[in-house]
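Chemist: My file is protein18.txt. It has compact mmCIF, C-alpha atoms (C1' of nucleotides):
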# COMPACT_ATOMS: atom_id res chain seq x y z
CA MET A 1 232.83 179.52 -59.17
CA ASN A 2 234.70 180.93 -62.14
CA SER A 3 236.76 183.91 -61.06
CA ARG A 4 238.49 184.74 -64.35
CA PRO A 5 237.01 187.29 -66.72
CA PRO A 6 235.74 186.08 -70.08
CA SER A 7 238.90 186.85 -71.99
CA GLU A 8 239.39 183.29 -73.16
CA ASP A 9 236.92 181.82 -75.59
CA ALA A 10 235.56 179.24 -73.20
CA SER A 11 234.56 181.95 -70.77
CA TRP A 12 232.42 183.68 -73.36
CA ASP A 13 230.68 180.38 -73.82
CA LEU A 14 229.80 180.34 -70.14
CA VAL A 15 228.39 183.86 -70.20
CA PHE A 16 226.28 183.44 -73.32
CA GLN A 17 225.17 180.00 -72.26
CA ALA A 18 224.08 181.40 -68.91
CA LEU A 19 222.09 184.15 -70.60
CA ALA A 20 220.44 181.69 -72.98
CA HIS A 21 217.64 180.77 -70.62
CA GLU A 22 214.71 182.95 -69.67
CA SER A 23 214.67 181.77 -66.06
CA ARG A 24 218.29 182.74 -65.58
CA ARG A 25 217.79 186.13 -67.18
CA ARG A 26 214.87 186.67 -64.87
CA MET A 27 217.03 185.69 -61.91
CA LEU A 28 219.48 188.39 -62.88
CA ASP A 29 216.67 190.92 -63.10
CA ILE A 30 215.44 189.95 -59.68
CA LEU A 31 218.89 189.98 -58.09
CA LYS A 32 219.65 193.31 -59.69
CA ASP A 33 216.63 194.78 -57.93
CA ARG A 34 217.01 192.88 -54.68
CA PRO A 35 220.67 192.22 -53.94
CA GLY A 36 221.37 189.93 -51.01
CA LEU A 37 218.37 187.74 -51.65
CA THR A 38 218.67 184.21 -50.26
CA VAL A 39 218.46 181.07 -52.37
CA GLY A 40 215.12 180.10 -50.90
CA ALA A 41 213.60 183.53 -51.40
CA LEU A 42 214.75 183.58 -55.00
CA ALA A 43 213.42 180.07 -55.57
CA GLY A 44 210.04 181.27 -54.32
CA ALA A 45 209.73 183.43 -57.41
CA PHE A 46 209.87 180.43 -59.74
CA ASP A 47 207.61 177.53 -60.55
CA VAL A 48 210.35 174.93 -60.68
CA SER A 49 211.88 173.22 -57.68
CA ARG A 50 214.44 174.83 -55.42
CA ILE A 51 217.01 172.36 -56.71
CA ALA A 52 216.40 173.43 -60.28
CA VAL A 53 216.88 177.03 -59.18
CA MET A 54 220.15 176.08 -57.50
CA LYS A 55 221.35 174.50 -60.71
CA HIS A 56 220.56 177.68 -62.60
CA LEU A 57 222.44 179.61 -59.94
CA ALA A 58 225.44 177.35 -60.39
CA VAL A 59 225.42 178.17 -64.10
CA LEU A 60 225.21 181.88 -63.36
CA GLU A 61 228.05 181.67 -60.84
CA GLU A 62 230.20 179.72 -63.28
CA ALA A 63 229.71 182.56 -65.72
CA GLY A 64 230.53 185.12 -63.04
CA LEU A 65 227.13 186.75 -63.40
CA VAL A 66 226.19 186.00 -59.81
CA VAL A 67 228.35 186.03 -56.73
CA SER A 68 227.31 184.78 -53.33
CA GLN A 69 228.43 184.43 -49.77
CA LYS A 70 227.26 182.49 -46.80
CA ASP A 71 225.43 184.31 -44.05
CA GLY A 72 224.69 181.86 -41.27
CA ARG A 73 222.66 179.06 -42.70
CA ALA A 74 221.54 181.24 -45.58
CA ARG A 75 223.41 182.13 -48.74
CA ARG A 76 223.06 185.64 -50.08
CA LEU A 77 223.13 186.27 -53.80
CA TYR A 78 224.38 189.26 -55.76
CA PHE A 79 224.19 190.17 -59.39
CA ASN A 80 227.57 190.92 -60.94
CA PRO A 81 227.28 192.99 -64.11
CA MET A 82 230.95 192.77 -65.02
CA PRO A 83 230.67 189.93 -67.56
CA ILE A 84 227.88 191.75 -69.37
CA GLN A 85 229.99 194.86 -69.38
CA LEU A 86 232.77 192.87 -71.00
CA VAL A 87 230.42 191.37 -73.56
CA TYR A 88 229.38 194.87 -74.45
CA ASP A 89 232.98 196.10 -74.65
CA ARG A 90 234.09 193.32 -76.91
CA TRP A 91 231.16 193.04 -79.28
CA THR A 92 230.28 196.65 -79.86
CA ASP A 93 233.94 197.27 -80.57
CA GLN A 94 234.10 194.52 -83.11
CA TYR A 95 230.84 195.28 -84.82
CA SER A 96 230.62 199.02 -84.37
CA ALA A 97 231.06 199.54 -88.10
CA TYR A 98 227.62 198.04 -88.60
CA TRP A 99 225.78 199.97 -85.94
CA SER A 100 225.61 203.39 -87.48
CA GLY A 101 222.89 203.77 -90.05
CA GLN A 102 224.43 201.59 -92.70
CA VAL A 103 222.90 198.50 -91.13
CA ALA A 104 219.67 198.05 -93.05
CA ASP A 105 221.19 197.58 -96.43
CA ILE A 106 223.79 194.96 -95.66
CA LYS A 107 222.30 192.15 -97.65
CA ARG A 108 221.87 194.12 -100.83
CA ARG A 109 225.40 195.45 -100.70
CA ALA A 110 226.71 192.02 -99.88
CA GLU A 111 224.94 190.56 -102.87
CA ALA A 112 226.52 193.15 -105.09
CA ARG A 113 229.90 192.20 -103.70
CA ALA A 114 229.15 188.51 -104.24
CA ARG A 115 228.37 189.19 -107.89
CA GLU A 116 231.71 190.96 -108.18
CA GLN A 117 233.49 187.98 -106.64
CA LYS A 118 231.70 185.54 -108.88
CA LYS A 119 232.50 187.55 -111.96
CA ALA A 120 236.15 187.76 -110.91
CA GLU A 121 236.31 183.99 -110.50
CA LYS A 122 234.72 183.46 -113.88
CA ASP A 123 237.12 185.87 -115.54
CA LYS A 124 240.03 184.08 -113.94
CA ARG A 125 238.87 180.75 -115.34
CA GLN A 126 238.60 182.07 -118.86
CA MET B 127 214.69 180.63 -90.58
CA ASN B 128 213.32 182.83 -87.83
CA SER B 129 212.22 186.14 -89.23
CA ARG B 130 210.88 187.78 -86.10
CA PRO B 131 213.10 189.99 -83.94
CA PRO B 132 213.95 188.80 -80.43
CA SER B 133 211.21 190.69 -78.67
CA GLU B 134 209.70 187.58 -77.15
CA ASP B 135 211.67 185.71 -74.52
CA ALA B 136 212.17 182.60 -76.61
CA SER B 137 213.88 184.61 -79.32
CA TRP B 138 216.48 185.90 -76.88
CA ASP B 139 217.17 182.29 -76.04
CA LEU B 140 217.94 181.62 -79.68
CA VAL B 141 220.33 184.54 -79.97
CA PHE B 142 222.27 183.85 -76.78
CA GLN B 143 222.31 180.14 -77.45
CA ALA B 144 223.71 180.81 -80.91
CA LEU B 145 226.44 183.01 -79.48
CA ALA B 146 227.32 180.43 -76.81
CA HIS B 147 229.71 178.50 -79.03
CA GLU B 148 233.13 179.63 -80.15
CA SER B 149 232.79 178.08 -83.61
CA ARG B 150 229.59 180.01 -84.25
CA ARG B 151 231.08 183.27 -83.02
CA ARG B 152 234.01 182.67 -85.33
CA MET B 153 231.61 182.04 -88.20
CA LEU B 154 230.08 185.44 -87.58
CA ASP B 155 233.52 187.05 -87.56
CA ILE B 156 234.37 185.39 -90.85
CA LEU B 157 231.06 186.25 -92.50
CA LYS B 158 231.33 189.81 -91.30
CA ASP B 159 234.63 190.13 -93.14
CA ARG B 160 233.67 188.08 -96.18
CA PRO B 161 229.96 188.43 -96.91
CA GLY B 162 228.60 186.13 -99.59
CA LEU B 163 230.84 183.23 -98.63
CA THR B 164 229.51 179.81 -99.62
CA VAL B 165 228.81 177.01 -97.18
CA GLY B 166 231.71 174.93 -98.44
CA ALA B 167 234.17 177.81 -98.29
CA LEU B 168 233.12 178.59 -94.75
CA ALA B 169 233.37 174.94 -93.76
CA GLY B 170 236.92 174.93 -95.06
CA ALA B 171 237.89 177.25 -92.22
CA PHE B 172 236.90 174.71 -89.58
CA ASP B 173 238.20 171.38 -88.36
CA VAL B 174 234.83 169.74 -88.02
CA SER B 175 232.84 168.21 -90.85
CA ARG B 176 230.85 170.22 -93.34
CA ILE B 177 227.67 168.77 -91.87
CA ALA B 178 228.59 170.03 -88.42
CA VAL B 179 229.18 173.47 -89.92
CA MET B 180 225.78 173.33 -91.59
CA LYS B 181 224.17 172.56 -88.27
CA HIS B 182 225.90 175.55 -86.71
CA LEU B 183 224.65 177.64 -89.60
CA ALA B 184 221.12 176.42 -88.97
CA VAL B 185 221.41 177.61 -85.38
CA LEU B 186 222.71 180.99 -86.51
CA GLU B 187 219.91 181.35 -89.05
CA GLU B 188 217.29 180.40 -86.46
CA ALA B 189 218.63 183.21 -84.33
CA GLY B 190 218.57 185.59 -87.28
CA LEU B 191 222.31 186.18 -87.05
CA VAL B 192 222.94 184.80 -90.51
CA VAL B 193 220.84 185.10 -93.64
CA SER B 194 221.45 183.22 -96.84
CA GLN B 195 220.26 182.79 -100.38
CA LYS B 196 220.77 180.28 -103.10
CA ASP B 197 223.01 181.15 -105.98
CA GLY B 198 223.01 178.32 -108.44
CA ARG B 199 224.13 175.21 -106.65
CA ALA B 200 225.87 177.31 -104.02
CA ARG B 201 224.35 179.05 -101.03
CA ARG B 202 225.72 182.43 -100.09
CA LEU B 203 225.88 183.49 -96.46
CA TYR B 204 225.58 186.90 -94.87
CA PHE B 205 226.05 188.13 -91.34
CA ASN B 206 223.08 190.00 -89.94
CA PRO B 207 224.01 192.23 -87.00
CA MET B 208 220.45 193.18 -86.15
CA PRO B 209 219.91 190.69 -83.30
CA ILE B 210 223.15 191.79 -81.65
CA GLN B 211 222.05 195.38 -82.01
CA LEU B 212 218.82 194.48 -80.24
CA VAL B 213 220.65 192.64 -77.48
CA TYR B 214 222.72 195.74 -76.96
CA ASP B 215 219.65 197.99 -76.94
CA ARG B 216 217.79 195.92 -74.43
CA TRP B 217 220.56 195.04 -71.99
CA THR B 218 222.49 198.25 -71.79
CA ASP B 219 219.20 199.99 -71.21
CA GLN B 220 218.25 197.69 -68.40
CA TYR B 221 221.64 197.63 -66.73
CA SER B 222 222.92 201.06 -67.57
CA ALA B 223 222.69 202.09 -63.92
CA TYR B 224 225.56 199.74 -63.22
CA TRP B 225 227.84 200.78 -66.04
CA SER B 226 228.92 204.16 -64.80
CA GLY B 227 231.66 203.96 -62.23
CA GLN B 228 229.58 202.70 -59.36
CA VAL B 229 230.13 199.14 -60.46
CA ALA B 230 233.07 198.07 -58.34
CA ASP B 231 231.37 198.52 -55.04
CA ILE B 232 228.17 196.60 -55.65
CA LYS B 233 228.84 193.73 -53.37
CA ARG B 234 229.83 195.83 -50.38
CA ARG B 235 226.79 198.05 -50.68
CA ALA B 236 224.60 195.02 -51.18
CA GLU B 237 225.95 193.45 -48.03
CA ALA B 238 225.13 196.59 -46.10
CA ARG B 239 221.60 196.42 -47.45
CA ALA B 240 221.36 192.76 -46.52
CA ARG B 241 222.34 193.59 -42.94
CA GLU B 242 219.58 196.19 -42.91
CA GLN B 243 217.06 193.63 -44.12
CA LYS B 244 218.18 191.08 -41.63
CA LYS B 245 217.96 193.53 -38.78
CA ALA B 246 214.49 194.55 -39.89
CA GLU B 247 213.33 190.93 -39.92
CA LYS B 248 214.77 190.39 -36.47
CA ASP B 249 213.10 193.50 -35.10
CA LYS B 250 209.80 192.34 -36.57
CA ARG B 251 210.06 189.00 -34.80
CA GLN B 252 210.71 190.61 -31.44
C1' DT C 253 224.60 163.31 -121.70
C1' DT C 254 227.83 162.43 -118.38
C1' DC C 255 230.40 163.73 -114.61
C1' DA C 256 231.91 166.38 -110.72
C1' DT C 257 230.79 169.63 -107.22
C1' DA C 258 227.90 171.93 -103.69
C1' DA C 259 224.55 171.29 -100.74
C1' DG C 260 221.18 168.75 -98.15
C1' DT C 261 219.10 164.61 -95.55
C1' DA C 262 219.03 160.41 -92.56
C1' DA C 263 220.48 157.83 -88.92
C1' DC C 264 223.18 157.30 -85.25
C1' DA C 265 226.46 157.96 -80.89
C1' DT C 266 227.70 160.67 -77.08
C1' DC C 267 227.57 164.10 -73.77
C1' DA C 268 225.26 168.23 -71.68
C1' DT C 269 221.06 170.40 -69.89
C1' DG C 270 217.13 170.92 -67.10
C1' DG C 271 214.15 168.87 -64.44
C1' DT C 272 212.54 165.57 -60.66
C1' DT C 273 212.43 163.13 -55.66
C1' DA C 274 214.76 161.55 -51.66
C1' DC C 275 218.19 162.19 -48.38
C1' DT C 276 222.03 164.76 -45.71
C1' DT C 277 224.33 168.58 -43.62
C1' DT C 278 224.55 172.95 -41.36
C1' DT C 279 222.85 176.26 -38.33
C1' DG C 280 219.61 179.22 -35.69
C1' DT C 281 216.10 179.04 -32.01
C1' DG C 282 212.63 177.37 -28.37
C1' DC D 283 219.26 169.42 -26.26
C1' DA D 284 215.78 168.94 -29.78
C1' DC D 285 213.74 170.64 -33.61
C1' DA D 286 212.84 173.26 -37.72
C1' DA D 287 214.65 175.78 -41.53
C1' DA D 288 218.02 176.64 -45.26
C1' DA D 289 220.99 174.81 -48.17
C1' DG D 290 223.40 171.16 -50.40
C1' DT D 291 224.13 166.33 -52.47
C1' DA D 292 222.92 161.98 -54.94
C1' DA D 293 220.65 159.49 -58.22
C1' DC D 294 217.84 159.38 -61.82
C1' DC D 295 215.19 160.59 -66.27
C1' DA D 296 213.95 162.92 -70.65
C1' DT D 297 215.42 165.86 -74.01
C1' DG D 298 218.59 168.62 -76.71
C1' DA D 299 223.23 169.73 -78.60
C1' DT D 300 227.18 168.42 -81.19
C1' DG D 301 229.42 165.57 -83.75
C1' DT D 302 229.99 161.52 -87.04
C1' DT D 303 229.36 158.56 -91.71
C1' DA D 304 226.67 157.25 -95.56
C1' DC D 305 223.56 158.50 -98.96
C1' DT D 306 220.65 161.76 -102.02
C1' DT D 307 219.56 165.84 -104.69
C1' DA D 308 220.51 169.80 -107.54
C1' DT D 309 223.25 172.22 -110.70
C1' DG D 310 227.19 173.76 -113.53
C1' DA D 311 230.52 172.27 -117.01
C1' DA D 312 233.09 169.08 -120.40
Would you encode the structure as structure tokens?
Modeler:
Amino acid sequence: MNSRPPSEDASWDLVFQALAHESRRRMLDILKDRPGLTVGALAGAFDVSRIAVMKHLAVLEEAGLVVSQKDGRARRLYFNPMPIQLVYDRWTDQYSAYWSGQVADIKRRAEARAREQKKAEKDKRQ
Amino acid sequence: MNSRPPSEDASWDLVFQALAHESRRRMLDILKDRPGLTVGALAGAFDVSRIAVMKHLAVLEEAGLVVSQKDGRARRLYFNPMPIQLVYDRWTDQYSAYWSGQVADIKRRAEARAREQKKAEKDKRQ
DNA sequence: TTCATAAGTAACATCATGGTTACTTTTGTG
DNA sequence: CACAAAAGTAACCATGATGTTACTTATGAA
């Protein structure tokens, strides 16, 4: 398990990596709707082997997106939204300037700026 | 290049996979601040070889996070925030119920629900 | 035209990922 | 206790990701 929040770079890797597989995203959806599901019950919802599902779960737990606890011979699984919350906090902050309306035209404006830069370089050389 | 938005599952894979590497996230940060940067100039900001940087760029372009265009013998690079916007749209929608204050207590409530389930199963068997 | 620069391609090495089957351990129940 | 069920571990395989060096192509400039 990885208990620290994704404040260091490597932790973001774990979160994004975990989300970069449809099966794992689907696991999160399922666990969101049915918290406390056991490993076997979750595995039943997938075509691949139970062991494959357990490996996906290990990835999700490493990323902190799933937490679990033993309950007799079963293990109960819970979705933990915190890492996604943190992804949201960090990235919308950093890119919020782009969100609001001025998004569509980025490339054209960027090209204009590139022409400026190029011209400036040329002028400097001469 | 991958021109379609991440509405199909496989496209989400590409976006998350692309974000799951610190170097690539840093490339996005750099390109956000300096649109129109050339491949070589971008590569200069990294320790790894130019070829490695080009491979990272290929991943980012596949995901639609970077667009580029030739300019003479150079290639100019631009950050495209659209896929991140779409990630935000989809995931905050789907998980918004968790965002608002009731987050901290998920596990405890889930455990209570699990006990309910377990009890119900037991009752059914008897 | 000649040369240097920017970018791209090929081939390869290494390690991680995602899957399998077979076996072991833990634990509840007849 | 004896057995079945749930989970976990080990070993293996195929493929993909990340990096390298060496070479090729395209283009701007002397």
Chemist: Identify which of the residues C:DT272, C:DT253, C:DA263, C:DT281 lies closest to chain A, counting only C-alpha atoms (C1' of nucleotides) when measuring atom-to-atom distances.
Modeler: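 Closest to chain A, using only C-alpha atoms (C1' of nucleotides): C:DT272.
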Chemist: Applying 10 Å and all atoms listed in the file, which residues near D:DC295 remain after dropping the ones on its own chain fewer than 2 positions away? List them as a PyMOL selection string.
Modeler: (chain C and resi 271-272) or (chain D and resi 293+297)
Chemist: May I have the residues of chain B within 9 Å of chain D, counting only C-alpha atoms (C1' of nucleotides), written as a ChimeraX atom specification?
Modeler: /B:174-175,177-178,181,198-200
Chemist: Please determine, counting only C-alpha atoms (C1' of nucleotides), which residue among B:Leu145, B:Leu154, B:Val193, B:Ala167 has the shortest atom-to-atom distance to C:DA258.
Modeler: B:Ala167
Chemist: For the contact check between chain C and chain A, emit one row per residue of chain C within 8 Å, containing the shortest atom pair and the distance in Å rounded to one decimal, counting all atoms listed in the file, chain then rising number order, as JSON lines.
Modeler:
{"residue": "C:DG270", "atom": "C1'", "partner": "A:Ala52", "partner_atom": "CA", "distance": 7.3}
{"residue": "C:DG271", "atom": "C1'", "partner": "A:Ala52", "partner_atom": "CA", "distance": 6.6}
{"residue": "C:DT278", "atom": "C1'", "partner": "A:Arg73", "partner_atom": "CA", "distance": 6.5}
{"residue": "C:DT279", "atom": "C1'", "partner": "A:Arg73", "partner_atom": "CA", "distance": 5.2}
{"residue": "C:DG280", "atom": "C1'", "partner": "A:Arg73", "partner_atom": "CA", "distance": 7.6}
Chemist: So which one's closest to chain A, B:Gly190, B:Arg202, B:Gly170, B:Ala184? Using all atoms listed in the file, please.
Modeler: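 For chain A, the nearest of the given residues is B:Arg202.
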Chemist: Using only C-alpha atoms for the distances, tell me which of B:Arg150, B:Asp215, B:Gly162, B:Leu157 is nearest to chain A.
Modeler: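 Ranking B:Arg150, B:Asp215, B:Gly162, B:Leu157 by distance to chain A, first place goes to B:Gly162.
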Chemist: How big is the axis-aligned box, and where does its centre sit, when it encloses all atoms of stretch 258-269 of chain C listed in the file and has 3 Å added on every side, reported in Å to one decimal as JSON?
Modeler:
{"center_x": 223.5, "center_y": 164.6, "center_z": -86.8, "size_x": 14.9, "size_y": 20.6, "size_z": 39.8}
Chemist: Can you pull out every residue within 9 Å of A:Lys32, counting only C-alpha atoms (C1' of nucleotides), but drop anything in the same chain fewer than 4 positions away, and send it as an mmCIF file with C-alpha atoms, keeping the file's coordinate frame?
Modeler:
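The resulting file, selection34.cif, is shown below:
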data_model
loop_
_atom_site.group_PDB
_atom_site.id
_atom_site.type_symbol
_atom_site.label_atom_id
_atom_site.label_comp_id
_atom_site.auth_asym_id
_atom_site.auth_seq_id
_atom_site.Cartn_x
_atom_site.Cartn_y
_atom_site.Cartn_z
ATOM 1 C CA MET A 27 217.030 185.690 -61.910
ATOM 2 C CA LEU A 28 219.480 188.390 -62.880
ATOM 3 C CA TYR A 78 224.380 189.260 -55.760
ATOM 4 C CA PHE A 79 224.190 190.170 -59.390
ATOM 5 C CA ASN A 80 227.570 190.920 -60.940
ATOM 6 C CA PRO A 81 227.280 192.990 -64.110
ATOM 7 C CA TYR B 221 221.640 197.630 -66.730
#
Chemist: So, with only C-alpha atoms as the atoms that count, which of B:Gln211, B:Lys196, B:Glu187, B:Ile156 lies closest to chain A?
Modeler: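 Of the candidates, the smallest distance to chain A is held by B:Gln211.
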Chemist: Could you please determine the separation between atom CA of A:Met82 and atom CA of B:Val185 in Å, to one decimal place?
Modeler: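 Atom CA of B:Val185 lies at a distance of 27.1 Å from atom CA of A:Met82.
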Chemist: Name the closest residue to chain B among the candidates A:Leu86, A:Leu77, A:Ala20, A:Val66; distances are taken between atoms, counting all atoms listed in the file.
Modeler: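 Going through A:Leu86, A:Leu77, A:Ala20, A:Val66 one by one, the smallest distance to chain B is for A:Ala20.
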Chemist: Could you please determine the separation between atom CA of B:Trp138 and atom CA of B:Asp173 in Å, to one decimal place?
Modeler: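 Separating atom CA of B:Trp138 from atom CA of B:Asp173 is a distance of 28.5 Å.
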Chemist: Tell me, in Å to one decimal, how far atom C1' of C:DA259 is from atom CA of B:Arg176.
Modeler: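 One can read the atom C1' of C:DA259 to atom CA of B:Arg176 distance as 9.8 Å.
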